[in-house]
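Asker: This is the structure, below, for whatever I ask next.
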Amino acid sequence: MTTDTSKYKFNHSMLRVKDPKRSVAFYEFLGLKVVNKIENADAKFDLYFLGYDSSKAVSSGNHWTDREGLIELTHNYGTEDDPNYKTVNGNSEPHRGFGHVCISVDNIQAACKRIEDAGYKFQKKLTDGRMKHIAFALDPDDYWVEIVSQKNAAETEDITTTDVETYRMNHTMIRVKDAEKSLAFYQDTLGMKLLRKMEAPQASFNLYFLGYSEPSDKTSGYEGLLELTWNYGTEKDEGFKYHNGNDEPQGFGHICVSVDNLQAACDRFDQKGVNWKKRLTDGRMKNIAFVLDPDGYWIEVVQNESIKKHAGW
């Protein structure tokens, strides 16, 4: 059996939510659609997979495992009625780790106005701070949703209209302790390509954008990118550690890569010496595996069902 990393896809990012009705409504307002729902009544949780699915979308109509840039919302039964239940969004000490998901839009002024007019809150509006070209909306669980433009700053922008069918689920950001170790893992082990690097020495951080697409200076039109944020000096602090979202208190759960041949991919990961959270043979679910990245973030591995049938989803 063989596996080809060029056929892998950054399929989804998982977020735990308190109330699925509110969360699904928010992401549907941003133009996403529930493309798959998995109900687990016995284990008392449901999974909602949302993605852009209009005729203008990148992977319209594809099987959910044959897409990039999905958001998986995990709902554990009863949390919506528990006044004490709260997720962590990954941006507050001492539980920083996951940062945000990001959508890219056609007309950022109009897109932000539409979100604000609907009554949703912002962590950062376009007019806040020095960076006037990005905004951060807050979903019902206070996860940050970055909003960026698909257009260059020099392009004339219609600030009055926006078409959600043209939006993209562009990237997911996680903070990493050691950029060199993380870049090696995501490139050499997972087969991603470094598409873009942004250095900000005056602010003491770098951003690295990776994915399974071809490199480009303009990545805002892509779906399914991974942004690694490295703050200078964390790699030298022996006691420094980011929160992976799965240790208590919980929030962000994992990212997921779909592969061409699940068994062969896992065999390859074994040869690469990965740290496993769950092998295919562990537990009752034999159709998923989880590996750990250098910071302890979970990476789910599933079969791309459009290439080879495995799970029957």
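The way I read the labels, and the way they are meant: chains A, B, ... in the order of the structure tokens, residue 1 as the first residue of every chain, and ligand 1 as the first ligand shown, with later ones counted on from there.
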Using only C-alpha atoms, find each residue in range 4-90 of chain A having at least one atom no more than 12 Å away from range 210-217 of chain A; report its shortest atom-to-atom pair and that distance in Å (one decimal), rows by chain then rising number, as JSON lines.
Answerer:
```
{"residue": "A:Asp4", "atom": "CA", "partner": "A:Tyr212", "partner_atom": "CA", "distance": 11.6}
{"residue": "A:Thr5", "atom": "CA", "partner": "A:Tyr212", "partner_atom": "CA", "distance": 8.4}
{"residue": "A:Ser6", "atom": "CA", "partner": "A:Tyr212", "partner_atom": "CA", "distance": 6.7}
{"residue": "A:Lys7", "atom": "CA", "partner": "A:Tyr212", "partner_atom": "CA", "distance": 8.0}
{"residue": "A:Tyr8", "atom": "CA", "partner": "A:Tyr212", "partner_atom": "CA", "distance": 6.9}
{"residue": "A:Lys9", "atom": "CA", "partner": "A:Tyr212", "partner_atom": "CA", "distance": 6.4}
{"residue": "A:Phe10", "atom": "CA", "partner": "A:Gly211", "partner_atom": "CA", "distance": 7.0}
{"residue": "A:Asn11", "atom": "CA", "partner": "A:Tyr212", "partner_atom": "CA", "distance": 10.6}
{"residue": "A:Arg67", "atom": "CA", "partner": "A:Tyr212", "partner_atom": "CA", "distance": 11.7}
{"residue": "A:Glu68", "atom": "CA", "partner": "A:Tyr212", "partner_atom": "CA", "distance": 9.5}
{"residue": "A:Gly69", "atom": "CA", "partner": "A:Gly211", "partner_atom": "CA", "distance": 10.6}
```
Asker: Taking only C-alpha atoms into account, produce a table as a Markdown table in which each residue of range 5-77 of chain A with an atom at most 9 Å from an atom of range 110-121 of chain A appears once, together with its shortest atom pair and the distance in Å to one decimal, ordered by chain and rising number.
Answerer:
```
| residue | atom | partner | partner_atom | distance |
| --- | --- | --- | --- | --- |
| A:Phe26 | CA | A:Tyr120 | CA | 8.5 |
| A:Phe29 | CA | A:Ile115 | CA | 8.3 |
| A:Leu30 | CA | A:Ile115 | CA | 8.1 |
```
Asker: If we count only C-alpha atoms, what is near range 34-36 of chain A at a cut-off of 9 Å, once residues fewer than 4 positions away on the same chain are taken out, given as a PDB file with C-alpha atoms, in the first residue's frame?
Answerer:
```pdb
ATOM      1  CA  VAL A  24     -24.954  26.861  13.374  1.00  0.00           C
ATOM      2  CA  GLU A  28     -24.768  29.903   8.267  1.00  0.00           C
ATOM      3  CA  LEU A  47     -21.070  16.708  15.083  1.00  0.00           C
ATOM      4  CA  TYR A  48     -21.956  19.395  12.545  1.00  0.00           C
ATOM      5  CA  PHE A  49     -19.681  19.880   9.525  1.00  0.00           C
ATOM      6  CA  LEU A  50     -20.086  23.255   7.825  1.00  0.00           C
ATOM      7  CA  GLY A  51     -18.520  24.494   4.610  1.00  0.00           C
ATOM      8  CA  TYR A  52     -19.073  26.766   1.641  1.00  0.00           C
ATOM      9  CA  ASP A  53     -21.234  24.840  -0.791  1.00  0.00           C
ATOM     10  CA  GLY A  61     -21.223  19.147  -3.878  1.00  0.00           C
ATOM     11  CA  HIS A  63     -18.309  14.440  -0.170  1.00  0.00           C
ATOM     12  CA  TRP A  64     -17.501  16.076   3.157  1.00  0.00           C
TER      13      TRP A  64
END
```
Asker: Could you build a table of the residues in range 215-263 of chain A lying no more than 7 Å from range 77-91 of chain A, giving for each the nearest pair of atoms and their separation in Å rounded to one decimal place, using only C-alpha atoms, ordered by chain and ascending residue number, as CSV?
Answerer:
```
residue,atom,partner,partner_atom,distance
A:Pro249,CA,A:Val88,CA,6.4
A:Gln250,CA,A:Thr87,CA,5.7
A:Gly251,CA,A:Thr87,CA,4.8
```
Asker: Taking into account only C-alpha atoms, which residue in the set A:Lys18, A:Trp276, A:Thr74, A:Ser54 is nearest to Gly253 in chain A?
Answerer: A:Thr74
Asker: Would you compute the distance between CA of Thr219 in chain A and CA of Met131 in chain A? Give it in Å to one decimal.
Answerer: 18.2 Å
Asker: Residues within 9 Å of Trp313 in chain A, please, as a PyMOL selection string. Count only C-alpha atoms; anything in the same chain fewer than 6 positions from it doesn't count.
Answerer: chain A and resi 38+64-65+305
Asker: I need the residues from that last selection saved to file as a JSON list (two decimals), in the first residue's frame (with all heavy atoms), if you can.
Answerer:
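After the write, result31.json holds the following:
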```json
[["chain", "number", "residue", "atom", "x", "y", "z"],
["A", 38, "ILE", "N", -23.31, 14.18, 12.02],
["A", 38, "ILE", "CA", -23.15, 12.84, 12.58],
["A", 38, "ILE", "C", -23.72, 12.87, 13.99],
["A", 38, "ILE", "O", -23.24, 13.61, 14.85],
["A", 38, "ILE", "CB", -21.68, 12.41, 12.61],
["A", 38, "ILE", "CG1", -21.11, 12.36, 11.18],
["A", 38, "ILE", "CG2", -21.53, 11.05, 13.28],
["A", 38, "ILE", "CD1", -19.63, 12.03, 11.12],
["A", 64, "TRP", "N", -18.07, 15.20, 2.13],
["A", 64, "TRP", "CA", -17.50, 16.08, 3.16],
["A", 64, "TRP", "C", -16.03, 15.78, 3.43],
["A", 64, "TRP", "O", -15.28, 16.68, 3.83],
["A", 64, "TRP", "CB", -18.32, 16.01, 4.45],
["A", 64, "TRP", "CG", -18.23, 14.74, 5.23],
["A", 64, "TRP", "CD1", -19.01, 13.63, 5.07],
["A", 64, "TRP", "CD2", -17.32, 14.44, 6.30],
["A", 64, "TRP", "NE1", -18.63, 12.66, 5.97],
["A", 64, "TRP", "CE2", -17.60, 13.13, 6.75],
["A", 64, "TRP", "CE3", -16.31, 15.16, 6.93],
["A", 64, "TRP", "CZ2", -16.90, 12.52, 7.78],
["A", 64, "TRP", "CZ3", -15.60, 14.56, 7.97],
["A", 64, "TRP", "CH2", -15.89, 13.26, 8.38],
["A", 65, "THR", "N", -15.58, 14.56, 3.19],
["A", 65, "THR", "CA", -14.17, 14.25, 3.40],
["A", 65, "THR", "C", -13.30, 14.68, 2.22],
["A", 65, "THR", "O", -12.07, 14.64, 2.32],
["A", 65, "THR", "CB", -13.96, 12.74, 3.62],
["A", 65, "THR", "OG1", -14.45, 12.03, 2.46],
["A", 65, "THR", "CG2", -14.70, 12.26, 4.87],
["A", 305, "GLU", "N", -13.17, 9.80, 1.27],
["A", 305, "GLU", "CA", -14.09, 8.78, 0.76],
["A", 305, "GLU", "C", -14.34, 8.89, -0.74],
["A", 305, "GLU", "O", -14.87, 7.95, -1.34],
["A", 305, "GLU", "CB", -15.41, 8.84, 1.52],
["A", 305, "GLU", "CG", -15.30, 8.53, 3.01],
["A", 305, "GLU", "CD", -15.14, 7.05, 3.32],
["A", 305, "GLU", "OE1", -15.83, 6.23, 2.70],
["A", 305, "GLU", "OE2", -14.31, 6.73, 4.19]]
```
Asker: Using only C-alpha atoms, which of the listed residues (A:Val302, A:Leu292, A:Met169, A:Leu262) sits closest to Gly31 in chain A?
Answerer: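 Nearest candidate to Gly31 in chain A out of A:Val302, A:Leu292, A:Met169, A:Leu262: A:Met169.
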Asker: Looking at only C-alpha atoms, which of A:Lys308, A:Arg279, A:Lys44, A:His100 is the one that sits closest to His171 in chain A?
Answerer: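 Selected residue with least distance to His171 in chain A: A:His100.
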Asker: Could you pull the residues within 9 Å of Trp298 in chain A, counting only C-alpha atoms, minus those fewer than 2 positions along the same chain, as a PyMOL selection string?
Answerer: chain A and resi 244-246+253-256+277+290-293+296+300
Asker: Could you write those residues out with N, CA and C atoms, as a PDB file, in the first residue's frame?
Answerer:
```
ATOM      1  N   ASN A 244      -3.666  22.953  24.513  1.00  0.00           N
ATOM      2  CA  ASN A 244      -4.069  22.274  23.274  1.00  0.00           C
ATOM      3  C   ASN A 244      -5.570  22.246  23.040  1.00  0.00           C
ATOM      4  N   GLY A 245      -6.353  22.779  23.973  1.00  0.00           N
ATOM      5  CA  GLY A 245      -7.802  22.838  23.791  1.00  0.00           C
ATOM      6  C   GLY A 245      -8.538  21.603  24.255  1.00  0.00           C
ATOM      7  N   ASN A 246      -7.809  20.513  24.516  1.00  0.00           N
ATOM      8  CA  ASN A 246      -8.440  19.267  24.955  1.00  0.00           C
ATOM      9  C   ASN A 246      -8.216  18.983  26.439  1.00  0.00           C
ATOM     10  N   GLY A 253     -10.729  21.623  19.492  1.00  0.00           N
ATOM     11  CA  GLY A 253     -10.417  20.211  19.663  1.00  0.00           C
ATOM     12  C   GLY A 253      -9.277  19.691  18.821  1.00  0.00           C
ATOM     13  N   HIS A 254      -9.349  19.922  17.500  1.00  0.00           N
ATOM     14  CA  HIS A 254      -8.329  19.379  16.616  1.00  0.00           C
ATOM     15  C   HIS A 254      -8.450  19.974  15.225  1.00  0.00           C
ATOM     16  N   ILE A 255      -7.421  19.738  14.432  1.00  0.00           N
ATOM     17  CA  ILE A 255      -7.531  19.912  12.991  1.00  0.00           C
ATOM     18  C   ILE A 255      -7.553  18.515  12.385  1.00  0.00           C
ATOM     19  N   CYS A 256      -7.981  18.417  11.132  1.00  0.00           N
ATOM     20  CA  CYS A 256      -8.141  17.105  10.500  1.00  0.00           C
ATOM     21  C   CYS A 256      -7.605  17.130   9.074  1.00  0.00           C
ATOM     22  N   LYS A 277      -1.996   9.907  19.490  1.00  0.00           N
ATOM     23  CA  LYS A 277      -3.039  10.044  20.499  1.00  0.00           C
ATOM     24  C   LYS A 277      -3.983   8.849  20.411  1.00  0.00           C
ATOM     25  N   PHE A 290      -5.551   9.735  15.450  1.00  0.00           N
ATOM     26  CA  PHE A 290      -5.115  11.055  15.885  1.00  0.00           C
ATOM     27  C   PHE A 290      -3.616  11.018  16.159  1.00  0.00           C
ATOM     28  N   VAL A 291      -2.884  11.936  15.526  1.00  0.00           N
ATOM     29  CA  VAL A 291      -1.477  12.120  15.842  1.00  0.00           C
ATOM     30  C   VAL A 291      -1.328  13.443  16.584  1.00  0.00           C
ATOM     31  N   LEU A 292      -0.196  13.612  17.259  1.00  0.00           N
ATOM     32  CA  LEU A 292       0.082  14.832  18.011  1.00  0.00           C
ATOM     33  C   LEU A 292       1.196  15.612  17.334  1.00  0.00           C
ATOM     34  N   ASP A 293       1.009  16.933  17.227  1.00  0.00           N
ATOM     35  CA  ASP A 293       2.070  17.770  16.664  1.00  0.00           C
ATOM     36  C   ASP A 293       3.048  18.134  17.787  1.00  0.00           C
ATOM     37  N   GLY A 296       1.520  19.326  20.989  1.00  0.00           N
ATOM     38  CA  GLY A 296       0.464  18.523  21.598  1.00  0.00           C
ATOM     39  C   GLY A 296      -0.914  18.778  21.042  1.00  0.00           C
ATOM     40  N   GLU A 300      -6.518  14.910  13.574  1.00  0.00           N
ATOM     41  CA  GLU A 300      -7.304  13.749  13.153  1.00  0.00           C
ATOM     42  C   GLU A 300      -6.907  13.360  11.732  1.00  0.00           C
TER      43      GLU A 300
END
```
Asker: Write down as a PyMOL selection string the residues of range 60-271 of chain A whose backbone DSSP state falls under strand (DSSP E).
Answerer: chain A and resi 70-76+98-105+122-124+135-138+144-149+168-176+193-200+205-211+225-231+252-259
Asker: Using only C-alpha atoms, which of the listed residues (A:Ser92, A:Asn170, A:Gln123, A:Gln271) sits closest to Ile71 in chain A?
Answerer: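 Under the stated criterion, the closest residue is A:Asn170.
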Asker: Which residue out of A:Thr189, A:Thr234, A:Asn287, A:Thr3 has the minimum interatomic distance to Asn275 in chain A when only C-alpha atoms are used?
Answerer: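 Nearest candidate to Asn275 in chain A out of A:Thr189, A:Thr234, A:Asn287, A:Thr3: A:Thr189.
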Asker: Might you pull out every residue within 12 Å of Val148 in chain A, with only C-alpha atoms counted and same-chain residues fewer than 3 positions away left off, and present them as a compact mmCIF listing (two decimals) with all heavy atoms, in the first residue's frame?
Answerer:
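Final file, around.txt:
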```txt
# COMPACT_ATOMS: atom_id res chain seq x y z
N VAL A 101 -10.29 31.03 13.54
CA VAL A 101 -10.54 30.63 12.16
C VAL A 101 -10.69 31.92 11.37
O VAL A 101 -10.92 32.99 11.95
CB VAL A 101 -11.79 29.74 12.01
CG1 VAL A 101 -11.57 28.40 12.69
CG2 VAL A 101 -13.04 30.44 12.54
N CYS A 102 -10.53 31.84 10.06
CA CYS A 102 -10.56 33.05 9.23
C CYS A 102 -11.36 32.81 7.96
O CYS A 102 -11.18 31.79 7.29
CB CYS A 102 -9.13 33.46 8.87
SG CYS A 102 -9.03 34.84 7.68
N ILE A 103 -12.24 33.76 7.66
CA ILE A 103 -12.92 33.74 6.37
C ILE A 103 -12.41 34.90 5.53
O ILE A 103 -12.11 35.98 6.06
CB ILE A 103 -14.46 33.82 6.52
CG1 ILE A 103 -14.88 35.12 7.20
CG2 ILE A 103 -15.00 32.61 7.25
CD1 ILE A 103 -16.38 35.38 7.15
N SER A 104 -12.26 34.67 4.24
CA SER A 104 -11.91 35.75 3.32
C SER A 104 -13.16 36.13 2.53
O SER A 104 -13.95 35.26 2.15
CB SER A 104 -10.77 35.34 2.38
OG SER A 104 -11.13 34.25 1.57
N VAL A 105 -13.34 37.41 2.31
CA VAL A 105 -14.60 37.92 1.75
C VAL A 105 -14.33 38.80 0.53
O VAL A 105 -13.21 39.24 0.30
CB VAL A 105 -15.38 38.73 2.81
CG1 VAL A 105 -15.67 37.85 4.03
CG2 VAL A 105 -14.61 39.97 3.25
N ASP A 106 -15.40 39.06 -0.22
CA ASP A 106 -15.27 39.86 -1.43
C ASP A 106 -15.06 41.34 -1.11
O ASP A 106 -14.12 41.96 -1.60
CB ASP A 106 -16.48 39.65 -2.35
CG ASP A 106 -17.81 39.89 -1.63
OD1 ASP A 106 -17.82 40.09 -0.39
OD2 ASP A 106 -18.86 39.88 -2.32
N ASN A 107 -15.93 41.89 -0.29
CA ASN A 107 -15.87 43.31 0.07
C ASN A 107 -15.90 43.43 1.60
O ASN A 107 -16.95 43.30 2.22
CB ASN A 107 -17.06 44.07 -0.54
CG ASN A 107 -17.06 43.99 -2.06
OD1 ASN A 107 -16.01 44.11 -2.68
ND2 ASN A 107 -18.22 43.76 -2.64
N ILE A 108 -14.75 43.68 2.18
CA ILE A 108 -14.62 43.55 3.63
C ILE A 108 -15.43 44.60 4.39
O ILE A 108 -15.99 44.32 5.45
CB ILE A 108 -13.13 43.58 4.04
CG1 ILE A 108 -12.98 43.12 5.50
CG2 ILE A 108 -12.50 44.94 3.80
CD1 ILE A 108 -11.55 42.81 5.89
N GLN A 109 -15.55 45.81 3.83
CA GLN A 109 -16.34 46.84 4.51
C GLN A 109 -17.80 46.42 4.60
O GLN A 109 -18.42 46.49 5.67
CB GLN A 109 -16.23 48.17 3.74
CG GLN A 109 -14.83 48.75 3.67
CD GLN A 109 -14.47 49.53 4.93
OE1 GLN A 109 -15.27 49.63 5.86
NE2 GLN A 109 -13.27 50.07 4.96
N ALA A 110 -18.34 45.95 3.49
CA ALA A 110 -19.74 45.54 3.47
C ALA A 110 -19.96 44.28 4.30
O ALA A 110 -20.99 44.14 4.98
CB ALA A 110 -20.19 45.32 2.03
N ALA A 111 -19.00 43.35 4.26
CA ALA A 111 -19.13 42.11 5.02
C ALA A 111 -19.17 42.40 6.51
O ALA A 111 -20.00 41.84 7.25
CB ALA A 111 -17.99 41.17 4.68
N CYS A 112 -18.29 43.28 6.97
CA CYS A 112 -18.26 43.61 8.40
C CYS A 112 -19.52 44.37 8.83
O CYS A 112 -20.05 44.14 9.92
CB CYS A 112 -17.01 44.43 8.72
SG CYS A 112 -15.48 43.47 8.67
N LYS A 125 -12.90 45.66 15.34
CA LYS A 125 -13.50 46.18 14.12
C LYS A 125 -12.41 46.72 13.19
O LYS A 125 -11.27 46.92 13.61
CB LYS A 125 -14.50 47.28 14.46
CG LYS A 125 -15.69 46.80 15.28
CD LYS A 125 -16.69 47.92 15.53
CE LYS A 125 -17.88 47.41 16.32
NZ LYS A 125 -18.91 48.45 16.57
N LEU A 126 -12.77 46.96 11.95
CA LEU A 126 -11.79 47.47 10.99
C LEU A 126 -11.18 48.78 11.45
O LEU A 126 -10.00 49.06 11.19
CB LEU A 126 -12.45 47.67 9.62
CG LEU A 126 -12.78 46.42 8.81
CD1 LEU A 126 -13.56 46.80 7.56
CD2 LEU A 126 -11.52 45.65 8.45
N MET A 131 -4.14 48.11 12.44
CA MET A 131 -4.36 47.24 11.27
C MET A 131 -5.81 47.42 10.79
O MET A 131 -6.74 46.84 11.34
CB MET A 131 -4.07 45.79 11.63
CG MET A 131 -2.64 45.57 12.11
SD MET A 131 -2.28 43.84 12.51
CE MET A 131 -2.22 43.13 10.86
N LYS A 132 -5.96 48.24 9.78
CA LYS A 132 -7.29 48.60 9.28
C LYS A 132 -7.81 47.65 8.21
O LYS A 132 -8.90 47.86 7.67
CB LYS A 132 -7.27 50.03 8.71
CG LYS A 132 -6.70 51.09 9.64
CD LYS A 132 -7.50 51.22 10.92
CE LYS A 132 -6.96 52.36 11.79
NZ LYS A 132 -7.65 52.46 13.09
N HIS A 133 -7.04 46.62 7.90
CA HIS A 133 -7.42 45.72 6.81
C HIS A 133 -7.93 44.37 7.30
O HIS A 133 -8.25 43.51 6.48
CB HIS A 133 -6.22 45.50 5.87
CG HIS A 133 -5.05 44.85 6.55
ND1 HIS A 133 -4.28 45.51 7.47
CD2 HIS A 133 -4.54 43.60 6.45
CE1 HIS A 133 -3.33 44.71 7.91
NE2 HIS A 133 -3.47 43.54 7.31
N ILE A 134 -8.01 44.19 8.62
CA ILE A 134 -8.56 42.94 9.16
C ILE A 134 -9.50 43.25 10.31
O ILE A 134 -9.38 44.29 10.97
CB ILE A 134 -7.47 41.97 9.65
CG1 ILE A 134 -6.66 42.59 10.80
CG2 ILE A 134 -6.56 41.52 8.52
CD1 ILE A 134 -5.70 41.61 11.46
N ALA A 135 -10.45 42.37 10.52
CA ALA A 135 -11.38 42.48 11.64
C ALA A 135 -11.52 41.10 12.27
O ALA A 135 -11.17 40.08 11.66
CB ALA A 135 -12.73 43.00 11.18
N PHE A 136 -12.02 41.07 13.50
CA PHE A 136 -12.28 39.81 14.19
C PHE A 136 -13.69 39.86 14.77
O PHE A 136 -13.97 40.66 15.66
CB PHE A 136 -11.29 39.58 15.32
CG PHE A 136 -9.92 39.16 14.87
CD1 PHE A 136 -8.95 40.11 14.60
CD2 PHE A 136 -9.60 37.82 14.70
CE1 PHE A 136 -7.67 39.74 14.19
CE2 PHE A 136 -8.33 37.43 14.29
CZ PHE A 136 -7.37 38.39 14.03
N ALA A 137 -14.58 39.02 14.24
CA ALA A 137 -15.90 38.86 14.81
C ALA A 137 -15.85 37.78 15.89
O ALA A 137 -14.91 36.98 15.94
CB ALA A 137 -16.91 38.48 13.72
N VAL A 145 -13.23 34.95 14.87
CA VAL A 145 -13.33 34.69 13.44
C VAL A 145 -12.73 35.88 12.71
O VAL A 145 -13.32 36.96 12.66
CB VAL A 145 -14.80 34.48 13.00
CG1 VAL A 145 -14.87 34.21 11.50
CG2 VAL A 145 -15.44 33.34 13.80
N LYS A 151 -9.31 40.83 -1.95
CA LYS A 151 -8.79 41.80 -2.91
C LYS A 151 -7.54 42.49 -2.37
O LYS A 151 -7.36 42.63 -1.16
CB LYS A 151 -9.85 42.86 -3.22
CG LYS A 151 -11.12 42.30 -3.85
CD LYS A 151 -12.13 43.40 -4.11
CE LYS A 151 -13.40 42.84 -4.76
NZ LYS A 151 -14.40 43.90 -5.01
N ASN A 152 -6.68 42.91 -3.26
CA ASN A 152 -5.53 43.69 -2.87
C ASN A 152 -5.97 45.09 -2.46
O ASN A 152 -7.01 45.60 -2.90
CB ASN A 152 -4.52 43.80 -4.03
CG ASN A 152 -3.91 42.46 -4.37
OD1 ASN A 152 -3.60 41.67 -3.47
ND2 ASN A 152 -3.74 42.18 -5.66
N ALA A 153 -5.17 45.71 -1.63
CA ALA A 153 -5.52 47.04 -1.13
C ALA A 153 -5.67 48.05 -2.27
O ALA A 153 -6.45 49.01 -2.17
CB ALA A 153 -4.46 47.52 -0.15
N TYR A 167 -17.43 33.73 -0.40
CA TYR A 167 -16.54 33.67 0.76
C TYR A 167 -15.75 32.34 0.75
O TYR A 167 -16.16 31.35 0.15
CB TYR A 167 -17.32 33.76 2.07
CG TYR A 167 -17.96 35.11 2.37
CD1 TYR A 167 -18.00 36.14 1.44
CD2 TYR A 167 -18.56 35.33 3.61
CE1 TYR A 167 -18.60 37.35 1.73
CE2 TYR A 167 -19.16 36.54 3.92
CZ TYR A 167 -19.19 37.55 2.97
OH TYR A 167 -19.79 38.74 3.27
N ARG A 168 -14.65 32.34 1.48
CA ARG A 168 -13.82 31.15 1.66
C ARG A 168 -13.52 30.97 3.15
O ARG A 168 -13.29 31.94 3.86
CB ARG A 168 -12.49 31.28 0.91
CG ARG A 168 -12.62 31.53 -0.60
CD ARG A 168 -12.92 30.24 -1.33
NE ARG A 168 -12.92 30.44 -2.77
CZ ARG A 168 -14.00 30.64 -3.51
NH1 ARG A 168 -15.20 30.69 -2.92
NH2 ARG A 168 -13.92 30.79 -4.82
N MET A 169 -13.49 29.71 3.62
CA MET A 169 -12.97 29.43 4.96
C MET A 169 -11.46 29.30 4.77
O MET A 169 -10.94 28.26 4.46
CB MET A 169 -13.57 28.15 5.53
CG MET A 169 -13.85 28.23 7.04
SD MET A 169 -12.45 28.74 8.08
CE MET A 169 -11.58 27.22 8.26
N ASN A 170 -10.79 30.41 4.97
CA ASN A 170 -9.42 30.56 4.51
C ASN A 170 -8.38 29.82 5.35
O ASN A 170 -7.57 29.06 4.83
CB ASN A 170 -9.08 32.06 4.44
CG ASN A 170 -7.69 32.33 3.94
OD1 ASN A 170 -6.84 32.84 4.69
ND2 ASN A 170 -7.41 32.01 2.69
N HIS A 171 -8.39 30.04 6.67
CA HIS A 171 -7.36 29.38 7.47
C HIS A 171 -7.76 29.23 8.93
O HIS A 171 -8.73 29.81 9.39
CB HIS A 171 -6.02 30.14 7.36
CG HIS A 171 -5.98 31.47 8.05
ND1 HIS A 171 -6.03 32.67 7.37
CD2 HIS A 171 -5.87 31.82 9.37
CE1 HIS A 171 -5.95 33.67 8.24
NE2 HIS A 171 -5.85 33.18 9.45
N LYS A 218 -0.50 35.61 -2.84
CA LYS A 218 -1.88 35.99 -2.52
C LYS A 218 -2.64 34.72 -2.16
O LYS A 218 -3.04 33.94 -3.02
CB LYS A 218 -2.53 36.69 -3.71
CG LYS A 218 -3.93 37.22 -3.43
CD LYS A 218 -4.45 38.01 -4.63
CE LYS A 218 -5.90 38.44 -4.45
NZ LYS A 218 -6.10 39.28 -3.26
N THR A 219 -2.80 34.49 -0.87
CA THR A 219 -3.42 33.25 -0.39
C THR A 219 -4.83 33.46 0.14
O THR A 219 -5.46 32.51 0.60
CB THR A 219 -2.56 32.64 0.74
OG1 THR A 219 -2.37 33.63 1.77
CG2 THR A 219 -1.21 32.17 0.21
N SER A 220 -5.35 34.67 0.04
CA SER A 220 -6.66 34.95 0.64
C SER A 220 -7.81 34.26 -0.08
O SER A 220 -8.90 34.12 0.48
CB SER A 220 -6.91 36.46 0.69
OG SER A 220 -6.86 37.02 -0.61
N GLY A 221 -7.59 33.84 -1.32
CA GLY A 221 -8.65 33.14 -2.05
C GLY A 221 -8.65 31.64 -1.83
O GLY A 221 -9.51 30.94 -2.33
N TYR A 222 -7.67 31.16 -1.05
CA TYR A 222 -7.57 29.73 -0.79
C TYR A 222 -8.56 29.28 0.29
O TYR A 222 -9.06 30.07 1.07
CB TYR A 222 -6.17 29.38 -0.29
CG TYR A 222 -5.07 29.44 -1.33
CD1 TYR A 222 -5.29 29.83 -2.64
CD2 TYR A 222 -3.76 29.11 -0.98
CE1 TYR A 222 -4.27 29.88 -3.56
CE2 TYR A 222 -2.72 29.16 -1.89
CZ TYR A 222 -2.99 29.54 -3.19
OH TYR A 222 -1.96 29.59 -4.10
```
Asker: Would you pick out the contacts of Pro201 in chain A at 12 Å or less, using only C-alpha atoms, so that residues sharing its chain but fewer than 6 positions from it are not included, and give the list as a PDB file with N, CA, C and O atoms, in the first residue's frame?
Answerer:
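For reference, around-v5.pdb as written:
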```pdb
ATOM      1  N   LEU A 207       4.522  34.754  11.119  1.00  0.00           N
ATOM      2  CA  LEU A 207       3.367  33.954  10.714  1.00  0.00           C
ATOM      3  C   LEU A 207       3.772  33.079   9.534  1.00  0.00           C
ATOM      4  O   LEU A 207       4.426  33.547   8.596  1.00  0.00           O
ATOM      5  N   TRP A 230       4.320  32.175  15.613  1.00  0.00           N
ATOM      6  CA  TRP A 230       5.458  31.951  16.504  1.00  0.00           C
ATOM      7  C   TRP A 230       5.896  33.270  17.113  1.00  0.00           C
ATOM      8  O   TRP A 230       6.245  34.211  16.405  1.00  0.00           O
ATOM      9  N   ASN A 231       5.837  33.352  18.428  1.00  0.00           N
ATOM     10  CA  ASN A 231       6.318  34.515  19.163  1.00  0.00           C
ATOM     11  C   ASN A 231       7.772  34.267  19.562  1.00  0.00           C
ATOM     12  O   ASN A 231       8.089  33.247  20.192  1.00  0.00           O
ATOM     13  N   TYR A 232       8.630  35.200  19.189  1.00  0.00           N
ATOM     14  CA  TYR A 232      10.062  35.019  19.388  1.00  0.00           C
ATOM     15  C   TYR A 232      10.396  34.674  20.844  1.00  0.00           C
ATOM     16  O   TYR A 232       9.881  35.294  21.775  1.00  0.00           O
ATOM     17  N   GLY A 233      11.249  33.704  21.009  1.00  0.00           N
ATOM     18  CA  GLY A 233      11.790  33.385  22.315  1.00  0.00           C
ATOM     19  C   GLY A 233      11.094  32.266  23.057  1.00  0.00           C
ATOM     20  O   GLY A 233      11.654  31.724  24.015  1.00  0.00           O
TER      21      GLY A 233
END
```
Asker: From the list A:Ala43, A:Val301, A:Leu15, A:Val259, which residue is nearest Asp141 in chain A when using only C-alpha atoms?
Answerer: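 Among the listed residues, A:Leu15 lies closest to Asp141 in chain A.
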Asker: To test your reading of the structure, identify every residue in range 49-296 of chain A that backbone DSSP assigns to alpha helix (DSSP H), and report it as JSON, numbers by chain.
Answerer: {"A": [108, 109, 110, 111, 112, 113, 114, 115, 116, 117, 179, 180, 181, 182, 183, 184, 262, 263, 264, 265, 266, 267, 268, 269, 270, 271]}
